[in-house]
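A.B. asks: So here's work.tsv, just TSV, C-alpha atoms:
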chain	number	residue	atom	x	y	z
A	1	MET	CA	-234.56	161.83	144.98
A	2	PHE	CA	-234.40	162.25	141.20
A	3	LYS	CA	-236.00	164.58	138.66
A	4	ARG	CA	-239.13	163.15	136.98
A	5	PHE	CA	-238.94	164.68	133.51
A	6	ARG	CA	-241.88	162.55	132.39
A	7	ARG	CA	-244.32	164.63	134.46
A	8	LEU	CA	-244.30	167.24	131.69
A	9	ARG	CA	-244.99	164.62	129.01
A	10	THR	CA	-248.17	163.13	130.41
A	11	SER	CA	-250.68	164.78	128.04
A	12	GLU	CA	-250.73	166.34	124.59
A	13	ASN	CA	-251.89	169.68	125.98
A	14	LEU	CA	-249.08	169.82	128.52
A	15	ARG	CA	-246.49	168.80	125.93
A	16	ALA	CA	-247.70	171.63	123.70
A	17	MET	CA	-247.61	174.12	126.57
A	18	VAL	CA	-243.93	173.48	127.37
A	19	ARG	CA	-242.72	172.91	123.81
A	20	GLU	CA	-239.53	174.89	123.25
A	21	THR	CA	-239.53	175.09	119.45
A	22	THR	CA	-242.47	175.56	117.10
A	23	LEU	CA	-242.96	175.51	113.35
A	24	SER	CA	-245.14	178.03	111.50
A	25	VAL	CA	-246.21	178.66	107.92
A	26	ASP	CA	-244.53	182.06	108.39
A	27	ASP	CA	-241.17	180.26	108.52
A	28	PHE	CA	-241.31	179.02	104.91
A	29	ILE	CA	-239.92	180.37	101.64
A	30	TYR	CA	-241.05	178.29	98.65
A	31	PRO	CA	-238.76	177.95	95.58
A	32	LEU	CA	-240.29	178.51	92.13
A	33	PHE	CA	-238.63	178.01	88.74
A	34	VAL	CA	-239.84	180.09	85.79
A	35	VAL	CA	-239.26	179.21	82.12
A	36	GLU	CA	-240.29	180.84	78.87
A	37	GLY	CA	-243.47	179.93	76.98
A	38	THR	CA	-247.09	179.51	78.01
A	39	GLY	CA	-248.92	176.60	79.57
A	40	VAL	CA	-245.66	175.00	80.69
A	41	ARG	CA	-245.89	172.84	83.81
A	42	ARG	CA	-243.03	170.37	83.56
A	43	GLU	CA	-242.51	168.06	86.55
A	44	ILE	CA	-238.93	167.17	87.44
A	45	THR	CA	-238.39	163.41	87.59
A	46	SER	CA	-235.83	163.63	90.38
A	47	MET	CA	-238.04	165.99	92.44
A	48	PRO	CA	-241.67	164.79	92.48
A	49	GLY	CA	-244.04	167.72	92.98
A	50	VAL	CA	-241.53	170.32	91.76
A	51	PHE	CA	-242.07	171.92	88.35
A	52	GLN	CA	-240.61	174.23	85.77
A	53	LEU	CA	-243.41	176.75	85.18
A	54	SER	CA	-244.15	179.38	82.57
A	55	VAL	CA	-245.25	182.79	83.83
A	56	ASP	CA	-248.96	182.02	83.47
A	57	GLU	CA	-248.51	178.80	85.46
A	58	ILE	CA	-246.38	180.60	88.05
A	59	LEU	CA	-249.34	182.89	88.70
A	60	LYS	CA	-251.61	179.88	89.31
A	61	GLU	CA	-249.01	178.49	91.71
A	62	CYS	CA	-248.82	181.81	93.53
A	63	GLU	CA	-252.58	181.76	94.07
A	64	GLU	CA	-252.29	178.38	95.82
A	65	ILE	CA	-249.30	179.57	97.84
A	66	VAL	CA	-251.12	182.68	99.04
A	67	ASN	CA	-254.23	180.66	99.92
A	68	LEU	CA	-252.10	178.36	102.06
A	69	GLY	CA	-250.79	181.33	104.00
A	70	ILE	CA	-247.21	181.07	102.68
A	71	LYS	CA	-245.89	184.60	102.58
A	72	SER	CA	-242.72	184.26	100.51
A	73	ILE	CA	-241.22	182.62	97.45
A	74	ILE	CA	-237.69	182.52	96.07
A	75	LEU	CA	-237.66	182.85	92.30
A	76	PHE	CA	-235.22	181.23	89.87
A	77	GLY	CA	-235.19	182.07	86.16
A	78	ILE	CA	-234.33	179.62	83.36
A	79	PRO	CA	-234.00	181.32	79.95
A	80	SER	CA	-234.26	179.49	76.64
A	81	ILE	CA	-231.12	181.17	75.29
A	82	LYS	CA	-227.91	181.16	77.33
A	83	ASP	CA	-224.52	182.74	76.63
A	84	SER	CA	-221.11	183.12	78.23
A	85	ILE	CA	-222.07	186.02	80.52
A	86	GLY	CA	-225.73	185.23	81.22
A	87	SER	CA	-227.11	188.20	79.28
A	88	ASP	CA	-230.75	187.27	79.92
A	89	ALA	CA	-230.21	188.01	83.61
A	90	LEU	CA	-229.08	191.53	82.73
A	91	SER	CA	-232.16	192.51	80.70
A	92	ASP	CA	-235.48	194.06	81.67
A	93	ASP	CA	-236.96	191.73	79.05
A	94	GLY	CA	-235.31	188.64	80.56
A	95	ILE	CA	-237.22	185.78	82.13
A	96	ILE	CA	-236.64	186.79	85.74
A	97	ALA	CA	-237.62	190.43	85.19
A	98	THR	CA	-240.72	189.44	83.23
A	99	ALA	CA	-241.83	186.98	85.90
A	100	LEU	CA	-241.19	189.48	88.69
A	101	ARG	CA	-243.43	192.11	87.10
A	102	ALA	CA	-246.25	189.61	86.56
A	103	ILE	CA	-246.10	188.22	90.10
A	104	LYS	CA	-245.99	191.60	91.81
A	105	ALA	CA	-248.81	192.93	89.61
A	106	ASN	CA	-251.08	190.03	90.55
A	107	TYR	CA	-249.91	189.26	94.09
A	108	PRO	CA	-248.44	192.50	95.48
A	109	SER	CA	-248.41	191.22	99.07
A	110	LEU	CA	-246.42	188.07	98.23
A	111	PHE	CA	-242.83	188.61	99.36
A	112	VAL	CA	-240.61	187.73	96.41
A	113	VAL	CA	-236.97	186.86	97.01
A	114	THR	CA	-234.86	186.58	93.86
A	115	ASP	CA	-231.91	184.26	93.51
A	116	LEU	CA	-229.07	186.30	92.06
A	117	CYS	CA	-226.59	184.14	90.18
A	118	PHE	CA	-225.53	183.28	86.64
A	119	CYS	CA	-225.39	179.48	86.59
A	120	GLU	CA	-228.92	179.19	85.17
A	121	TYR	CA	-228.17	181.84	82.53
A	122	THR	CA	-224.72	180.88	81.23
A	123	ASP	CA	-223.98	178.32	78.51
A	124	HIS	CA	-221.13	176.93	80.64
A	125	GLY	CA	-223.22	176.56	83.82
A	126	HIS	CA	-220.79	178.33	86.14
A	127	CYS	CA	-221.80	181.18	88.44
A	128	GLY	CA	-220.21	184.10	86.59
A	129	ILE	CA	-217.73	185.23	83.98
A	130	LEU	CA	-215.04	182.67	83.30
A	131	ASP	CA	-211.34	183.33	83.70
A	132	HIS	CA	-210.02	181.02	81.01
A	133	VAL	CA	-206.46	181.25	82.34
A	134	CYS	CA	-207.29	179.71	85.71
A	135	GLY	CA	-210.28	177.72	84.43
A	136	SER	CA	-212.65	179.07	87.08
A	137	VAL	CA	-214.89	182.07	87.68
A	138	ASP	CA	-213.37	185.56	87.63
A	139	ASN	CA	-214.46	186.88	91.01
A	140	ASP	CA	-214.20	190.64	90.42
A	141	ALA	CA	-215.58	190.62	86.87
A	142	THR	CA	-218.55	188.67	88.19
A	143	LEU	CA	-219.08	191.24	90.94
A	144	GLU	CA	-219.53	193.91	88.25
A	145	ILE	CA	-222.29	192.09	86.39
A	146	SER	CA	-223.86	190.92	89.68
A	147	ALA	CA	-224.40	194.57	90.58
A	148	LYS	CA	-226.16	195.08	87.24
A	149	GLN	CA	-228.31	192.00	87.84
A	150	ALA	CA	-229.29	193.31	91.29
A	151	ILE	CA	-230.55	196.58	89.82
A	152	ILE	CA	-232.62	194.64	87.25
A	153	HIS	CA	-234.22	192.66	90.08
A	154	ALA	CA	-234.84	195.78	92.16
A	155	LYS	CA	-236.36	197.77	89.27
A	156	ASN	CA	-238.76	194.97	88.42
A	157	GLY	CA	-240.15	194.40	91.89
A	158	ALA	CA	-237.94	192.11	93.97
A	159	ASP	CA	-238.61	192.40	97.69
A	160	MET	CA	-235.27	190.88	98.68
A	161	ILE	CA	-232.18	189.77	96.76
A	162	ALA	CA	-230.31	186.57	97.55
A	163	PRO	CA	-226.91	186.25	95.82
A	164	SER	CA	-225.94	182.58	95.63
A	165	GLY	CA	-222.72	182.58	93.59
A	166	MET	CA	-220.28	182.65	96.53
A	167	MET	CA	-218.14	185.45	95.13
A	168	ASP	CA	-215.91	187.20	97.67
A	169	GLY	CA	-217.15	190.74	98.31
A	170	ILE	CA	-220.60	190.15	96.80
A	171	ILE	CA	-222.58	191.59	99.72
A	172	ALA	CA	-220.61	194.84	99.89
A	173	THR	CA	-220.80	195.17	96.09
A	174	LEU	CA	-224.56	194.69	95.96
A	175	ARG	CA	-225.20	196.88	99.00
A	176	ASN	CA	-223.27	199.73	97.41
A	177	ALA	CA	-224.99	199.30	94.03
A	178	LEU	CA	-228.47	199.18	95.55
A	179	ASP	CA	-227.84	202.16	97.82
A	180	GLU	CA	-226.41	204.26	94.99
A	181	ASN	CA	-229.48	203.57	92.87
A	182	GLY	CA	-232.07	204.44	95.50
A	183	TYR	CA	-232.74	200.95	96.85
A	184	GLU	CA	-231.19	201.42	100.27
A	185	ASN	CA	-234.19	199.75	101.94
A	186	LEU	CA	-234.05	196.59	99.80
A	187	PRO	CA	-232.70	193.77	102.00
A	188	ILE	CA	-230.07	191.21	101.02
A	189	MET	CA	-230.18	187.58	102.12
A	190	ALA	CA	-226.66	186.22	101.78
A	191	TYR	CA	-225.94	182.65	100.78
A	192	SER	CA	-223.27	183.26	103.38
A	193	THR	CA	-222.28	179.65	104.10
A	194	LYS	CA	-222.84	177.59	100.96
A	195	PHE	CA	-220.99	174.31	100.68
A	196	ALA	CA	-219.80	172.51	97.53
A	197	SER	CA	-222.31	169.77	98.21
A	198	ALA	CA	-223.46	166.62	96.43
A	199	TYR	CA	-226.94	167.31	97.83
A	200	TYR	CA	-227.59	169.79	95.00
A	201	GLY	CA	-227.91	167.15	92.27
A	202	PRO	CA	-231.67	167.30	91.62
A	203	PHE	CA	-231.63	171.13	91.65
A	204	ARG	CA	-229.41	171.07	88.59
A	205	ASP	CA	-232.14	169.12	86.79
A	206	VAL	CA	-234.84	171.70	87.52
A	207	ALA	CA	-232.60	174.77	87.09
A	208	GLU	CA	-230.69	173.32	84.11
A	209	SER	CA	-227.53	174.63	85.75
A	210	ALA	CA	-225.03	171.77	85.80
A	211	PRO	CA	-221.51	172.99	84.91
A	212	SER	CA	-220.43	171.97	81.42
A	213	PHE	CA	-216.94	171.27	82.80
A	214	GLY	CA	-215.29	170.92	86.18
A	215	ASP	CA	-217.10	171.74	89.41
A	216	ARG	CA	-217.69	174.67	91.77
A	217	LYS	CA	-215.20	173.74	94.47
A	218	SER	CA	-213.02	176.78	93.76
A	219	TYR	CA	-215.77	179.11	94.93
A	220	GLN	CA	-218.25	177.10	97.00
A	221	MET	CA	-217.05	176.00	100.43
A	222	ASP	CA	-215.23	172.83	101.41
A	223	PHE	CA	-217.81	170.93	103.45
A	224	ALA	CA	-215.08	169.73	105.84
A	225	ASN	CA	-214.46	173.27	107.14
A	226	ARG	CA	-216.48	174.31	110.18
A	227	LEU	CA	-214.47	177.38	111.19
A	228	GLU	CA	-214.31	178.74	107.64
A	229	ALA	CA	-218.08	178.30	107.43
A	230	ILE	CA	-218.57	180.48	110.48
A	231	ASN	CA	-216.08	183.04	109.18
A	232	GLU	CA	-217.88	183.29	105.82
A	233	SER	CA	-221.20	184.15	107.45
A	234	LEU	CA	-219.71	186.64	109.89
A	235	GLU	CA	-217.90	188.35	107.01
A	236	ASP	CA	-221.15	188.70	105.04
A	237	GLU	CA	-222.75	190.15	108.15
A	238	ARG	CA	-219.93	192.72	108.36
A	239	GLN	CA	-220.48	193.61	104.71
A	240	GLY	CA	-224.14	194.40	105.35
A	241	ALA	CA	-226.16	191.20	104.87
A	242	ASP	CA	-229.61	191.47	106.46
A	243	ILE	CA	-230.16	187.70	106.64
A	244	LEU	CA	-227.54	184.94	106.67
A	245	MET	CA	-227.93	181.42	105.30
A	246	VAL	CA	-226.53	177.91	105.62
A	247	LYS	CA	-226.91	175.66	102.58
A	248	PRO	CA	-227.48	172.67	102.62
A	249	ALA	CA	-229.35	172.35	105.89
A	250	LEU	CA	-229.76	168.79	107.12
A	251	ALA	CA	-226.11	167.66	107.24
A	252	TYR	CA	-224.94	171.04	108.59
A	253	LEU	CA	-227.01	171.64	111.70
A	254	ASP	CA	-223.81	171.95	113.74
A	255	VAL	CA	-222.82	174.93	111.57
A	256	VAL	CA	-226.30	176.44	111.87
A	257	ARG	CA	-226.12	176.33	115.65
A	258	GLU	CA	-222.59	177.73	115.86
A	259	ILE	CA	-223.40	180.66	113.57
A	260	LYS	CA	-226.60	181.35	115.49
A	261	ASN	CA	-224.62	181.49	118.73
A	262	LEU	CA	-222.37	184.18	117.27
A	263	THR	CA	-224.85	186.55	115.62
A	264	LEU	CA	-228.13	188.35	116.24
A	265	THR	CA	-228.78	188.56	112.48
A	266	PRO	CA	-231.66	186.33	111.29
A	267	LEU	CA	-230.50	183.00	109.89
A	268	CYS	CA	-232.09	181.05	107.05
A	269	VAL	CA	-231.44	177.47	105.97
A	270	TYR	CA	-231.95	176.05	102.49
A	271	ASN	CA	-233.50	172.58	102.72
A	272	VAL	CA	-232.01	171.58	99.37
A	273	SER	CA	-233.15	169.39	96.50
A	274	GLY	CA	-231.22	166.27	97.51
A	275	GLU	CA	-232.68	166.37	101.01
A	276	TYR	CA	-236.17	166.72	99.54
A	277	ALA	CA	-235.61	163.98	96.96
A	278	MET	CA	-234.35	161.53	99.60
A	279	LEU	CA	-237.52	161.88	101.66
A	280	LYS	CA	-239.66	161.49	98.53
A	281	ALA	CA	-237.73	158.36	97.51
A	282	ALA	CA	-237.97	156.89	101.02
A	283	ALA	CA	-241.72	157.55	101.03
A	284	LYS	CA	-242.11	155.83	97.66
A	285	ALA	CA	-240.15	152.85	98.98
A	286	GLY	CA	-242.48	152.70	101.98
A	287	VAL	CA	-239.69	152.88	104.54
A	288	ILE	CA	-240.74	156.07	106.36
A	289	ASP	CA	-243.89	157.86	107.49
A	290	TYR	CA	-243.27	160.72	105.06
A	291	GLU	CA	-245.31	163.48	106.69
A	292	ARG	CA	-243.98	162.79	110.18
A	293	VAL	CA	-240.36	162.66	109.02
A	294	MET	CA	-240.84	165.82	106.95
A	295	MET	CA	-242.23	167.79	109.88
A	296	GLU	CA	-239.57	166.45	112.25
A	297	THR	CA	-236.88	167.52	109.82
A	298	LEU	CA	-238.30	171.02	109.39
A	299	LEU	CA	-238.61	171.44	113.15
A	300	ALA	CA	-234.97	170.36	113.54
A	301	PHE	CA	-233.91	173.34	111.41
A	302	LYS	CA	-235.77	175.69	113.73
A	303	ARG	CA	-234.36	173.98	116.84
A	304	ALA	CA	-230.83	174.36	115.49
A	305	GLY	CA	-231.37	178.11	115.17
A	306	ALA	CA	-232.94	178.87	111.80
A	307	SER	CA	-235.43	181.72	111.62
A	308	LEU	CA	-236.47	180.92	108.04
A	309	ILE	CA	-236.52	177.77	105.91
A	310	ILE	CA	-236.33	177.66	102.12
A	311	THR	CA	-237.98	174.34	101.37
A	312	TYR	CA	-239.71	172.40	98.59
A	313	HIS	CA	-241.86	170.89	101.35
A	314	ALA	CA	-243.48	174.26	102.09
A	315	LYS	CA	-246.89	173.60	100.56
A	316	GLU	CA	-247.20	170.13	102.09
A	317	ALA	CA	-246.10	171.37	105.51
A	318	ALA	CA	-248.43	174.38	105.31
A	319	LYS	CA	-251.40	172.07	104.66
A	320	ILE	CA	-250.53	170.01	107.72
A	321	LEU	CA	-250.08	173.07	109.93
A	322	LYS	CA	-253.36	174.55	108.73
A	323	GLY	CA	-255.25	171.26	108.87
A	324	VAL	CA	-255.99	171.28	105.13
A	325	LYS	CA	-256.80	167.90	103.61
Take the structure from the file and write it as structure tokens.

C.D. replies:
Amino acid sequence: MFKRFRRLRTSENLRAMVRETTLSVDDFIYPLFVVEGTGVRREITSMPGVFQLSVDEILKECEEIVNLGIKSIILFGIPSIKDSIGSDALSDDGIIATALRAIKANYPSLFVVTDLCFCEYTDHGHCGILDHVCGSVDNDATLEISAKQAIIHAKNGADMIAPSGMMDGIIATLRNALDENGYENLPIMAYSTKFASAYYGPFRDVAESAPSFGDRKSYQMDFANRLEAINESLEDERQGADILMVKPALAYLDVVREIKNLTLTPLCVYNVSGEYAMLKAAAKAGVIDYERVMMETLLAFKRAGASLIITYHAKEAAKILKGVK
């Protein structure tokens, strides 16, 4: 006698009834990129369907997002003037603060996560203050200005802060700064396991954040290191992170699963620009059924253990899930 697994696959209804993993619009966080000016809607060649948007255009995009049932965005700011310390990120008149106020005034129920970093704001494209002796980012000096940036985000309406610079001690630093300034209930989503990945290439086009020299391997993680990846996320959890993250997602599902097995803290994955661009390019070449591959990929993130998915596919996937043509 042998087990007939196929009995539970004989009809669509039965397959749906016993399905172990499901995908929902509630799972998605949609990235948006705000620039200065008005009437700006600039599509990124390497990322079809992704745009740099001025604040007025961001508000139009938020209306579509809300109508699709997507509950959350992650916001990136791209100022017109950059300097060595990313001063625009430290100002209530900066692009991120201005956009935050406008979004929360018009769409108060939309849950706005803010990316907290300096690579988009600095003229050198690195994620903090440079230590010119070692030729990399000064970890502790960057922690100081990161705390100031977090307070700017909190004051102007952020619902959650997501520090992406991979500085040691960033979660404890931000938690202390937020608590001391009356924002003890503002959650932090850690970019807790962020690899020095080649999959980020198209993002640097949209965020205008490519380093002017060198690379980020001295602070982002070596993608060969599985145990270090787990350790990084568990350390951020100890420091007070409310949500953990693995970035990129698709090539790191083993890490996602291992972290999920070791924590009860919610886990997010960032389905990054290179992953998105590859599916778009394959669709253009006619070698895949784009929508089916997209949905299979997103479901794989959930199956591996992700609770949330930051993805440029969010609007397309939401339309499929809601049956919108």

A.B. asks: Can you list, as a PyMOL selection string, every protein, DNA or RNA residue that comes within 12 Å of Met278 in chain A when you count all atoms listed in the file, leaving out same-chain residues fewer than 4 positions away?

C.D. replies: chain A and resi 46-48+199-202+250+271-274+282-285+287-288+290+293-294

A.B. asks: Got a sec: who's within 12 Å of Lys155 in chain A, counting all atoms listed in the file, leaving out chain neighbours fewer than 3 positions off, as a PDB file with C-alpha atoms, keeping the file's coordinate frame?

C.D. replies:
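File produced: result-v8.pdb:
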ATOM      1  CA  LEU A  90    -229.080 191.530  82.730  1.00  0.00           C
ATOM      2  CA  SER A  91    -232.160 192.510  80.700  1.00  0.00           C
ATOM      3  CA  ASP A  92    -235.480 194.060  81.670  1.00  0.00           C
ATOM      4  CA  ASP A  93    -236.960 191.730  79.050  1.00  0.00           C
ATOM      5  CA  ILE A  96    -236.640 186.790  85.740  1.00  0.00           C
ATOM      6  CA  ALA A  97    -237.620 190.430  85.190  1.00  0.00           C
ATOM      7  CA  THR A  98    -240.720 189.440  83.230  1.00  0.00           C
ATOM      8  CA  LEU A 100    -241.190 189.480  88.690  1.00  0.00           C
ATOM      9  CA  ARG A 101    -243.430 192.110  87.100  1.00  0.00           C
ATOM     10  CA  LYS A 104    -245.990 191.600  91.810  1.00  0.00           C
ATOM     11  CA  LYS A 148    -226.160 195.080  87.240  1.00  0.00           C
ATOM     12  CA  GLN A 149    -228.310 192.000  87.840  1.00  0.00           C
ATOM     13  CA  ALA A 150    -229.290 193.310  91.290  1.00  0.00           C
ATOM     14  CA  ILE A 151    -230.550 196.580  89.820  1.00  0.00           C
ATOM     15  CA  ILE A 152    -232.620 194.640  87.250  1.00  0.00           C
ATOM     16  CA  ALA A 158    -237.940 192.110  93.970  1.00  0.00           C
ATOM     17  CA  ASP A 159    -238.610 192.400  97.690  1.00  0.00           C
ATOM     18  CA  MET A 160    -235.270 190.880  98.680  1.00  0.00           C
ATOM     19  CA  ILE A 161    -232.180 189.770  96.760  1.00  0.00           C
ATOM     20  CA  LEU A 178    -228.470 199.180  95.550  1.00  0.00           C
ATOM     21  CA  ASN A 181    -229.480 203.570  92.870  1.00  0.00           C
ATOM     22  CA  GLY A 182    -232.070 204.440  95.500  1.00  0.00           C
ATOM     23  CA  TYR A 183    -232.740 200.950  96.850  1.00  0.00           C
ATOM     24  CA  LEU A 186    -234.050 196.590  99.800  1.00  0.00           C
TER      25      LEU A 186
END

A.B. asks: Near range 238-241 of chain A, counting all atoms listed in the file, which residues have an atom at most 10 Å away, once you skip same-chain residues fewer than 4 positions from it, shown as number ranges by chain?

C.D. replies: A: 162, 169-176, 187-192, 232-234, 245, 265-266

A.B. asks: Counting only C-alpha atoms, figure out which residue out of A:Pro108, A:Gly86, A:Pro79, A:Gly323 gets nearest to Leu59 in chain A.

C.D. replies: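 Using only C-alpha atoms, the shortest distance to Leu59 in chain A belongs to A:Pro108.
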
A.B. asks: Could you please determine the separation between CA of His313 in chain A and CA of Ile74 in chain A in Å, to one decimal place?

C.D. replies: 13.4 Å

A.B. asks: Go through A:Leu227, A:Gly305, A:Leu244, A:Ala99 and flag the residue nearest Val256 in chain A, using all atoms listed in the file for the distances.

C.D. replies: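 Smallest distance to Val256 in chain A is found for A:Gly305.
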
A.B. asks: Within 10 Å of range 17-29 of chain A, which residues of range 96-127 of chain A come that close, and what is the closest atom pair and distance in Å for each? Count only C-alpha atoms and give it as CSV.

C.D. replies:
residue,atom,partner,partner_atom,distance
A:Phe111,CA,A:Ile29,CA,9.0
A:Val112,CA,A:Ile29,CA,9.1
A:Val113,CA,A:Ile29,CA,8.5

A.B. asks: Could you tell me how far CA of Thr114 in chain A lies from CA of Ile95 in chain A, in Å and to one decimal?

C.D. replies: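 Rounded to one decimal, the two atoms are 12.0 Å apart.
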
A.B. asks: What is the CA of Ala105 in chain A-CA of Ile309 in chain A distance in Å, reported with one decimal?

C.D. replies: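 Computed distance, CA of Ala105 in chain A to CA of Ile309 in chain A, equals 25.4 Å.
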
A.B. asks: Considering only C-alpha atoms, return as a PyMOL selection string whatever protein or nucleic-acid residues lie within 7 Å of Val269 in chain A, sequence-local ones (same chain, fewer than 2 positions apart) excluded.

C.D. replies: chain A and resi 245-247+249+267+271+306+308-310

A.B. asks: Restricting the calculation to only C-alpha atoms: of A:Ile58, A:Cys119, A:Val255, A:Ile73, which residue gets closest to Glu36 in chain A?

C.D. replies: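 Closest candidate: A:Ile58.
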
A.B. asks: Here is a test: counting all atoms listed in the file, which residue of A:Ala147, A:Ala251, A:Cys268, A:Met221 is nearest to Lys302 in chain A?

C.D. replies: A:Cys268

A.B. asks: With 3 Å on each side, where is the centre of the axis-aligned box around all listed atoms of range 276-294 of chain A, and how long are its edges in Å to one decimal, as lines of an AutoDock Vina configuration file?

C.D. replies:
center_x = -239.8
center_y = 159.7
center_z = 103.6
size_x = 17.0
size_y = 20.0
size_z = 19.2

A.B. asks: N, CA, C and O atoms are what I want for range 74-86 of chain A; can you complete it accordingly and write them as a PDB file, keeping the file's coordinate frame?

C.D. replies:
ATOM      1  N   ILE A  74    -238.978 182.152  96.651  1.00  0.00           N
ATOM      2  CA  ILE A  74    -237.690 182.520  96.070  1.00  0.00           C
ATOM      3  C   ILE A  74    -237.734 182.092  94.615  1.00  0.00           C
ATOM      4  O   ILE A  74    -238.086 180.953  94.297  1.00  0.00           O
ATOM      5  N   LEU A  75    -237.436 183.017  93.725  1.00  0.00           N
ATOM      6  CA  LEU A  75    -237.660 182.850  92.300  1.00  0.00           C
ATOM      7  C   LEU A  75    -236.342 182.615  91.562  1.00  0.00           C
ATOM      8  O   LEU A  75    -235.381 183.368  91.727  1.00  0.00           O
ATOM      9  N   PHE A  76    -236.349 181.564  90.723  1.00  0.00           N
ATOM     10  CA  PHE A  76    -235.220 181.230  89.870  1.00  0.00           C
ATOM     11  C   PHE A  76    -235.668 181.318  88.408  1.00  0.00           C
ATOM     12  O   PHE A  76    -236.730 180.803  88.058  1.00  0.00           O
ATOM     13  N   GLY A  77    -234.861 181.942  87.565  1.00  0.00           N
ATOM     14  CA  GLY A  77    -235.190 182.070  86.160  1.00  0.00           C
ATOM     15  C   GLY A  77    -234.359 181.133  85.294  1.00  0.00           C
ATOM     16  O   GLY A  77    -233.167 180.951  85.537  1.00  0.00           O
ATOM     17  N   ILE A  78    -235.012 180.548  84.274  1.00  0.00           N
ATOM     18  CA  ILE A  78    -234.330 179.620  83.360  1.00  0.00           C
ATOM     19  C   ILE A  78    -234.642 180.067  81.933  1.00  0.00           C
ATOM     20  O   ILE A  78    -235.709 179.771  81.389  1.00  0.00           O
ATOM     21  N   PRO A  79    -233.736 180.810  81.303  1.00  0.00           N
ATOM     22  CA  PRO A  79    -234.000 181.320  79.950  1.00  0.00           C
ATOM     23  C   PRO A  79    -233.826 180.229  78.891  1.00  0.00           C
ATOM     24  O   PRO A  79    -233.155 179.215  79.129  1.00  0.00           O
ATOM     25  N   SER A  80    -234.410 180.450  77.746  1.00  0.00           N
ATOM     26  CA  SER A  80    -234.260 179.490  76.640  1.00  0.00           C
ATOM     27  C   SER A  80    -232.940 179.676  75.911  1.00  0.00           C
ATOM     28  O   SER A  80    -232.424 178.741  75.298  1.00  0.00           O
ATOM     29  N   ILE A  81    -232.393 180.883  75.957  1.00  0.00           N
ATOM     30  CA  ILE A  81    -231.120 181.170  75.290  1.00  0.00           C
ATOM     31  C   ILE A  81    -230.102 181.583  76.349  1.00  0.00           C
ATOM     32  O   ILE A  81    -230.337 182.510  77.131  1.00  0.00           O
ATOM     33  N   LYS A  82    -228.972 180.880  76.376  1.00  0.00           N
ATOM     34  CA  LYS A  82    -227.910 181.160  77.330  1.00  0.00           C
ATOM     35  C   LYS A  82    -226.651 181.565  76.584  1.00  0.00           C
ATOM     36  O   LYS A  82    -226.427 181.155  75.447  1.00  0.00           O
ATOM     37  N   ASP A  83    -225.796 182.363  77.240  1.00  0.00           N
ATOM     38  CA  ASP A  83    -224.520 182.740  76.630  1.00  0.00           C
ATOM     39  C   ASP A  83    -223.441 182.770  77.703  1.00  0.00           C
ATOM     40  O   ASP A  83    -223.677 182.397  78.852  1.00  0.00           O
ATOM     41  N   SER A  84    -222.264 183.237  77.336  1.00  0.00           N
ATOM     42  CA  SER A  84    -221.110 183.120  78.230  1.00  0.00           C
ATOM     43  C   SER A  84    -221.185 184.025  79.446  1.00  0.00           C
ATOM     44  O   SER A  84    -220.522 183.769  80.460  1.00  0.00           O
ATOM     45  N   ILE A  85    -221.994 185.097  79.381  1.00  0.00           N
ATOM     46  CA  ILE A  85    -222.070 186.020  80.520  1.00  0.00           C
ATOM     47  C   ILE A  85    -223.469 186.077  81.132  1.00  0.00           C
ATOM     48  O   ILE A  85    -223.722 186.881  82.023  1.00  0.00           O
ATOM     49  N   GLY A  86    -224.383 185.239  80.655  1.00  0.00           N
ATOM     50  CA  GLY A  86    -225.730 185.230  81.220  1.00  0.00           C
ATOM     51  C   GLY A  86    -226.514 186.491  80.935  1.00  0.00           C
ATOM     52  O   GLY A  86    -227.153 187.069  81.821  1.00  0.00           O
TER      53      GLY A  86
END
